[in-house]
>>> print(open('entry18.json').read())   # JSON, C-alpha atoms and all ligand atoms
[["chain", "number", "residue", "atom", "x", "y", "z"],
["D", 79, "MET", "CA", -58.02, 29.91, -33.47],
["D", 80, "LEU", "CA", -55.59, 32.12, -35.36],
["D", 81, "ILE", "CA", -54.81, 31.31, -39.00],
["D", 82, "ASP", "CA", -53.04, 33.64, -41.42],
["D", 83, "MET", "CA", -54.97, 33.28, -44.67],
["D", 84, "HIS", "CA", -52.59, 34.92, -47.18],
["D", 85, "ASN", "CA", -49.03, 33.56, -47.44],
["D", 86, "HIS", "CA", -46.47, 32.82, -50.11],
["D", 87, "THR", "CA", -43.39, 30.62, -50.11],
["D", 88, "SER", "CA", -40.27, 30.58, -52.26],
["D", 89, "GLU", "CA", -41.23, 27.07, -53.38],
["D", 90, "GLY", "CA", -44.44, 28.36, -54.94],
["D", 91, "SER", "CA", -44.21, 32.08, -55.71],
["D", 92, "LYS", "CA", -41.48, 34.03, -57.42],
["D", 93, "ASP", "CA", -42.05, 37.09, -55.23],
["D", 94, "SER", "CA", -41.45, 35.23, -51.97],
["D", 95, "ARG", "CA", -38.06, 34.66, -50.42],
["D", 96, "ILE", "CA", -39.16, 32.56, -47.44],
["D", 97, "THR", "CA", -39.23, 28.79, -47.55],
["D", 98, "ALA", "CA", -42.30, 26.94, -46.33],
["D", 99, "SER", "CA", -40.24, 25.51, -43.50],
["D", 100, "ASP", "CA", -39.13, 28.98, -42.25],
["D", 101, "LEU", "CA", -42.62, 30.41, -42.74],
["D", 102, "PHE", "CA", -44.18, 27.74, -40.52],
["D", 103, "LEU", "CA", -41.43, 28.11, -37.89],
["D", 104, "ILE", "CA", -42.08, 31.87, -37.71],
["D", 105, "ALA", "CA", -45.83, 31.27, -37.53],
["D", 106, "ARG", "CA", -45.33, 28.87, -34.64],
["D", 107, "GLY", "CA", -43.10, 31.43, -32.90],
["D", 108, "ARG", "CA", -45.92, 33.97, -33.24],
["D", 109, "MET", "CA", -48.42, 31.55, -31.69],
["D", 110, "LEU", "CA", -50.50, 31.05, -34.83],
["D", 111, "ASP", "CA", -52.50, 27.84, -35.07],
["D", 112, "GLY", "CA", -51.99, 27.45, -38.78],
["D", 113, "LEU", "CA", -51.41, 28.97, -42.18],
["D", 114, "CYS", "CA", -53.21, 29.01, -45.46],
["D", 115, "VAL", "CA", -50.66, 29.21, -48.26],
["D", 116, "THR", "CA", -51.94, 31.06, -51.34],
["D", 117, "GLU", "CA", -49.34, 30.95, -54.10],
["D", 118, "HIS", "CA", -49.70, 33.01, -57.27],
["D", 119, "ASP", "CA", -51.63, 30.93, -59.82],
["D", 120, "SER", "CA", -50.14, 27.75, -58.47],
["D", 121, "PHE", "CA", -50.28, 24.95, -55.92],
["D", 122, "ARG", "CA", -46.70, 23.88, -56.52],
["D", 123, "SER", "CA", -45.57, 24.35, -52.89],
["D", 124, "ARG", "CA", -48.01, 21.65, -51.71],
["D", 125, "LYS", "CA", -45.31, 19.12, -50.75],
["D", 126, "ALA", "CA", -43.12, 21.67, -48.94],
["D", 127, "VAL", "CA", -46.18, 22.97, -47.06],
["D", 128, "GLU", "CA", -47.14, 19.43, -45.99],
["D", 129, "VAL", "CA", -43.64, 18.78, -44.65],
["D", 130, "ALA", "CA", -43.47, 22.15, -42.84],
["D", 131, "SER", "CA", -46.90, 21.62, -41.33],
["D", 132, "ALA", "CA", -46.02, 18.15, -40.08],
["D", 133, "SER", "CA", -42.74, 19.26, -38.52],
["D", 134, "THR", "CA", -44.24, 22.31, -36.75],
["D", 135, "ARG", "CA", -47.58, 20.64, -35.96],
["D", 136, "LEU", "CA", -49.41, 23.68, -37.31],
["D", 137, "LEU", "CA", -52.54, 23.38, -39.42],
["D", 138, "ALA", "CA", -51.97, 23.87, -43.13],
["D", 139, "PHE", "CA", -54.46, 24.84, -45.81],
["D", 140, "GLN", "CA", -53.87, 25.78, -49.39],
["D", 141, "GLY", "CA", -55.75, 28.30, -51.51],
["D", 142, "VAL", "CA", -54.58, 30.16, -54.58],
["D", 143, "GLU", "CA", -54.02, 33.82, -55.46],
["D", 144, "VAL", "CA", -55.42, 34.11, -58.94],
["D", 145, "SER", "CA", -54.30, 36.82, -61.36],
["D", 146, "THR", "CA", -57.43, 38.19, -63.00],
["D", 147, "ASP", "CA", -58.37, 41.09, -65.24],
["D", 148, "TYR", "CA", -59.19, 43.04, -62.06],
["D", 149, "GLY", "CA", -56.22, 42.21, -59.91],
["D", 150, "HIS", "CA", -55.34, 39.40, -57.56],
["D", 151, "MET", "CA", -58.11, 37.38, -55.97],
["D", 152, "LEU", "CA", -57.67, 34.83, -53.22],
["D", 153, "ALA", "CA", -59.70, 31.70, -53.88],
["D", 154, "TYR", "CA", -60.29, 29.26, -51.03],
["D", 155, "GLY", "CA", -61.87, 25.85, -51.30],
["D", 156, "ILE", "CA", -61.19, 25.48, -55.01],
["D", 157, "ARG", "CA", -59.63, 22.28, -56.36],
["D", 158, "SER", "CA", -55.94, 22.42, -57.16],
["D", 159, "SER", "CA", -56.45, 20.21, -60.20],
["D", 160, "LEU", "CA", -57.28, 23.29, -62.26],
["D", 161, "TRP", "CA", -53.65, 24.37, -61.84],
["D", 162, "ASP", "CA", -51.84, 21.03, -61.57],
["D", 163, "THR", "CA", -51.33, 20.48, -65.30],
["D", 164, "GLU", "CA", -49.98, 23.97, -65.76],
["D", 165, "ASP", "CA", -47.68, 23.54, -62.74],
["D", 166, "ALA", "CA", -46.39, 20.26, -64.14],
["D", 167, "VAL", "CA", -45.68, 21.73, -67.56],
["D", 168, "ILE", "CA", -43.96, 24.83, -66.19],
["D", 169, "ASP", "CA", -41.86, 22.74, -63.78],
["D", 170, "THR", "CA", -40.82, 20.41, -66.59],
["D", 171, "VAL", "CA", -39.87, 23.29, -68.87],
["D", 172, "TYR", "CA", -37.85, 24.98, -66.12],
["D", 173, "LEU", "CA", -36.22, 21.82, -64.83],
["D", 174, "ARG", "CA", -35.15, 20.64, -68.26],
["D", 175, "GLY", "CA", -33.94, 24.11, -69.20],
["D", 176, "MET", "CA", -36.01, 23.98, -72.37],
["D", 177, "ILE", "CA", -36.16, 27.74, -72.59],
["D", 178, "HIS", "CA", -33.18, 29.81, -73.63],
["D", 179, "GLY", "CA", -32.35, 32.60, -71.21],
["D", 180, "ARG", "CA", -34.91, 31.28, -68.78],
["D", 181, "GLU", "CA", -33.95, 33.90, -66.20],
["D", 182, "GLN", "CA", -35.32, 36.51, -68.59],
["D", 183, "ILE", "CA", -38.71, 34.92, -69.12],
["D", 184, "SER", "CA", -41.33, 35.60, -66.50],
["D", 185, "LEU", "CA", -43.85, 33.03, -65.37],
["D", 186, "SER", "CA", -46.65, 35.02, -66.97],
["D", 187, "GLU", "CA", -44.78, 35.04, -70.28],
["D", 188, "LEU", "CA", -44.22, 31.33, -69.96],
["D", 189, "ARG", "CA", -47.92, 30.83, -69.22],
["D", 190, "LYS", "CA", -48.87, 32.71, -72.37],
["D", 191, "ALA", "CA", -46.43, 30.64, -74.40],
["D", 192, "ILE", "CA", -47.88, 27.43, -72.97],
["D", 193, "GLN", "CA", -51.44, 28.60, -73.49],
["D", 194, "SER", "CA", -50.83, 29.02, -77.19],
["D", 195, "LYS", "CA", -49.45, 25.47, -77.48],
["D", 196, "LEU", "CA", -51.61, 23.42, -75.14],
["D", 197, "GLU", "CA", -55.19, 23.41, -74.07],
["D", 198, "ILE", "CA", -54.50, 24.52, -70.54],
["D", 199, "ARG", "CA", -56.47, 27.04, -68.57],
["D", 200, "THR", "CA", -53.96, 29.81, -67.84],
["D", 201, "SER", "CA", -56.01, 32.93, -67.44],
["D", 202, "TRP", "CA", -59.11, 33.90, -65.55],
["D", 203, "THR", "CA", -61.39, 36.86, -65.44],
["D", 204, "ALA", "CA", -62.53, 37.98, -62.00],
["D", 205, "LYS", "CA", -66.08, 36.93, -62.87],
["D", 206, "GLU", "CA", -64.95, 33.44, -63.95],
["D", 207, "ILE", "CA", -62.89, 32.71, -60.84],
["D", 208, "ILE", "CA", -65.68, 33.94, -58.54],
["D", 209, "GLU", "CA", -68.23, 31.75, -60.34],
["D", 210, "GLU", "CA", -65.97, 28.69, -60.46],
["D", 211, "THR", "CA", -64.96, 28.97, -56.80],
["D", 212, "HIS", "CA", -68.57, 29.39, -55.70],
["D", 213, "ARG", "CA", -69.60, 26.46, -57.88],
["D", 214, "GLN", "CA", -67.09, 24.35, -55.94],
["D", 215, "GLY", "CA", -68.37, 25.64, -52.59],
["D", 216, "GLY", "CA", -65.44, 27.96, -51.87],
["D", 217, "CYS", "CA", -65.11, 31.68, -51.37],
["D", 218, "VAL", "CA", -63.15, 34.53, -52.90],
["D", 219, "ILE", "CA", -61.41, 37.42, -51.16],
["D", 220, "LEU", "CA", -59.78, 40.48, -52.72],
["D", 221, "ALA", "CA", -56.03, 40.21, -52.12],
["D", 222, "HIS", "CA", -55.07, 43.88, -52.10],
["D", 223, "PRO", "CA", -58.03, 46.03, -53.19],
["D", 224, "PHE", "CA", -56.31, 49.34, -52.53],
["D", 225, "SER", "CA", -53.75, 48.73, -55.24],
["D", 226, "TYR", "CA", -56.44, 49.14, -57.90],
["D", 227, "ALA", "CA", -57.17, 52.58, -59.21],
["D", 228, "GLY", "CA", -59.54, 54.54, -61.39],
["D", 229, "GLU", "CA", -61.83, 52.56, -63.64],
["D", 230, "GLU", "CA", -60.73, 49.28, -62.08],
["D", 231, "THR", "CA", -61.92, 50.42, -58.66],
["D", 232, "LYS", "CA", -65.32, 51.26, -60.10],
["D", 233, "THR", "CA", -65.56, 47.89, -61.78],
["D", 234, "MET", "CA", -64.30, 46.22, -58.62],
["D", 235, "HIS", "CA", -67.39, 47.56, -56.85],
["D", 236, "SER", "CA", -69.49, 45.40, -59.12],
["D", 237, "PHE", "CA", -67.81, 42.33, -57.62],
["D", 238, "LEU", "CA", -68.30, 43.32, -54.00],
["D", 239, "GLY", "CA", -71.63, 41.54, -53.79],
["D", 240, "SER", "CA", -70.08, 38.23, -54.81],
["D", 241, "ILE", "CA", -66.88, 38.19, -52.80],
["D", 242, "SER", "CA", -66.75, 37.04, -49.21],
["D", 243, "ASN", "CA", -64.26, 39.44, -47.72],
["D", 244, "SER", "CA", -61.27, 41.59, -48.48],
["D", 245, "VAL", "CA", -57.77, 41.93, -47.13],
["D", 246, "ILE", "CA", -57.53, 45.47, -45.74],
["D", 247, "PHE", "CA", -53.82, 45.57, -44.99],
["D", 248, "ASN", "CA", -51.19, 43.91, -47.15],
["D", 301, "ZN", "ZN", -50.26, 37.50, -52.22]]
>>> encode(input="entry18.json", output="C-alpha cells")
Amino acid sequence: MLIDMHNHTSEGSKDSRITASDLFLIARGRMLDGLCVTEHDSFRSRKAVEVASASTRLLAFQGVEVSTDYGHMLAYGIRSSLWDTEDAVIDTVYLRGMIHGREQISLSELRKAIQSKLEIRTSWTAKEIIEETHRQGGCVILAHPFSYAGEETKTMHSFLGSISNSVIFN
C-alpha cells in the first residue's frame, strides 16, 4: 500500500497552492492508495480533505507539521484538538477582517498576538511535541532535516533516539 505521508493543501497551509481536491486527484492518477495531509500547525483542511477523499475513494489521514525550536516536525497520531481552538480563533479573525492590513501579517505573527491574549497553546519545543505525541501513542518524523545547520544539527542528533523516522528528500 502506497501512502504519501507529507502533504499540504491551500486550504490548510499558506505555502501550498494546491487544493485538497486537486491533490487527491493527482494522487489517484499516480496510483497512490492514500494521503496523509500534514498542514503547518493546523488541522484546518480537515473538511476539504474528507470531501476529496470521499470523491476519489483514496484513504485520507491527517497529521500535523509542527514548527518547533529545532525546525519542522511531522507528528502522526496526535489529537487535532490541541490545534482546533487556535484554528477557530485565527479563522474568525481572518474571516471577520479584524486585523488591519491582514495581508501583511503572517500566521506566525498572528499566533504570537493570539498567544499574548488567550490561553492557547501556540508554540512547541521539539522535546515537548515528541513527548506529547508519544504520550498519545503517535510518532514523530523530521520533516526536512537537511535544512538545519550548525548548532541545530548537533542538537538535532539528541532527538534522533526519540523520533521514528526522517524524510530524506523534500
Ligand atoms: Zn511540509
>>> closest_residue(input="entry18.json", among="D:His84, D:His212, D:Arg106, D:Lys92", to="ligand ZN 301 (chain D)", atoms="all atoms listed in the file")
D:His84
>>> residues_near_ligand(input="entry18.json", ligand="ligand ZN 301 (chain D)", cutoff="12 Å", atoms="all atoms listed in the file", output="ChimeraX atom specification")
/D:82-87,90-94,114-120,141-145,149-153,219-223,245,247-248
>>> residues_near_point(input="entry18.json", point="(-41.9, 30.9, -39.3)", cutoff="12 Å", atoms="only C-alpha atoms", output="VMD selection string")
chain D and resid 82 85 to 87 96 to 113 127 130 to 131 133 to 134 136
>>> closest_residue(input="entry18.json", among="D:Gly215, D:Ser159, D:Glu89, D:Tyr154", to="Lys125 in chain D", atoms="all atoms listed in the file")
D:Glu89
>>> closest_residue(input="entry18.json", among="D:Asp162, D:Ala138, D:Gly155, D:Arg124", to="Ile208 in chain D", atoms="only C-alpha atoms")
D:Gly155
>>> atom_distance(input="entry18.json", atom1="CA of Ile156 in chain D", atom2="CA of Arg95 in chain D")
25.3 Å
>>> atom_distance(input="entry18.json", atom1="CA of Arg157 in chain D", atom2="CA of Val218 in chain D")
13.2 Å
>>> atom_distance(input="entry18.json", atom1="CA of Glu187 in chain D", atom2="CA of Glu210 in chain D")
24.2 Å
>>> axis_aligned_box(input="entry18.json", around="range 200-212 of chain D", padding_each_side="6 Å", output="lines of an AutoDock Vina configuration file")
center_x = -61.3
center_y = 33.3
center_z = -61.8
size_x = 26.6
size_y = 21.3
size_z = 24.1
>>> residues_near_point(input="entry18.json", point="(-55.1, 41.2, -68.1)", cutoff="9 Å", atoms="all atoms listed in the file", output="CSV table (one decimal) with C-alpha atoms, in the frame of the given file")
chain,number,residue,atom,x,y,z
D,145,SER,CA,-54.3,36.8,-61.4
D,146,THR,CA,-57.4,38.2,-63.0
D,147,ASP,CA,-58.4,41.1,-65.2
D,148,TYR,CA,-59.2,43.0,-62.1
D,149,GLY,CA,-56.2,42.2,-59.9
D,201,SER,CA,-56.0,32.9,-67.4
D,202,TRP,CA,-59.1,33.9,-65.6
D,203,THR,CA,-61.4,36.9,-65.4
>>> closest_residue(input="entry18.json", among="D:Gln140, D:Lys205, D:Phe121, D:Cys217", to="Ala166 in chain D", atoms="all atoms listed in the file")
D:Phe121
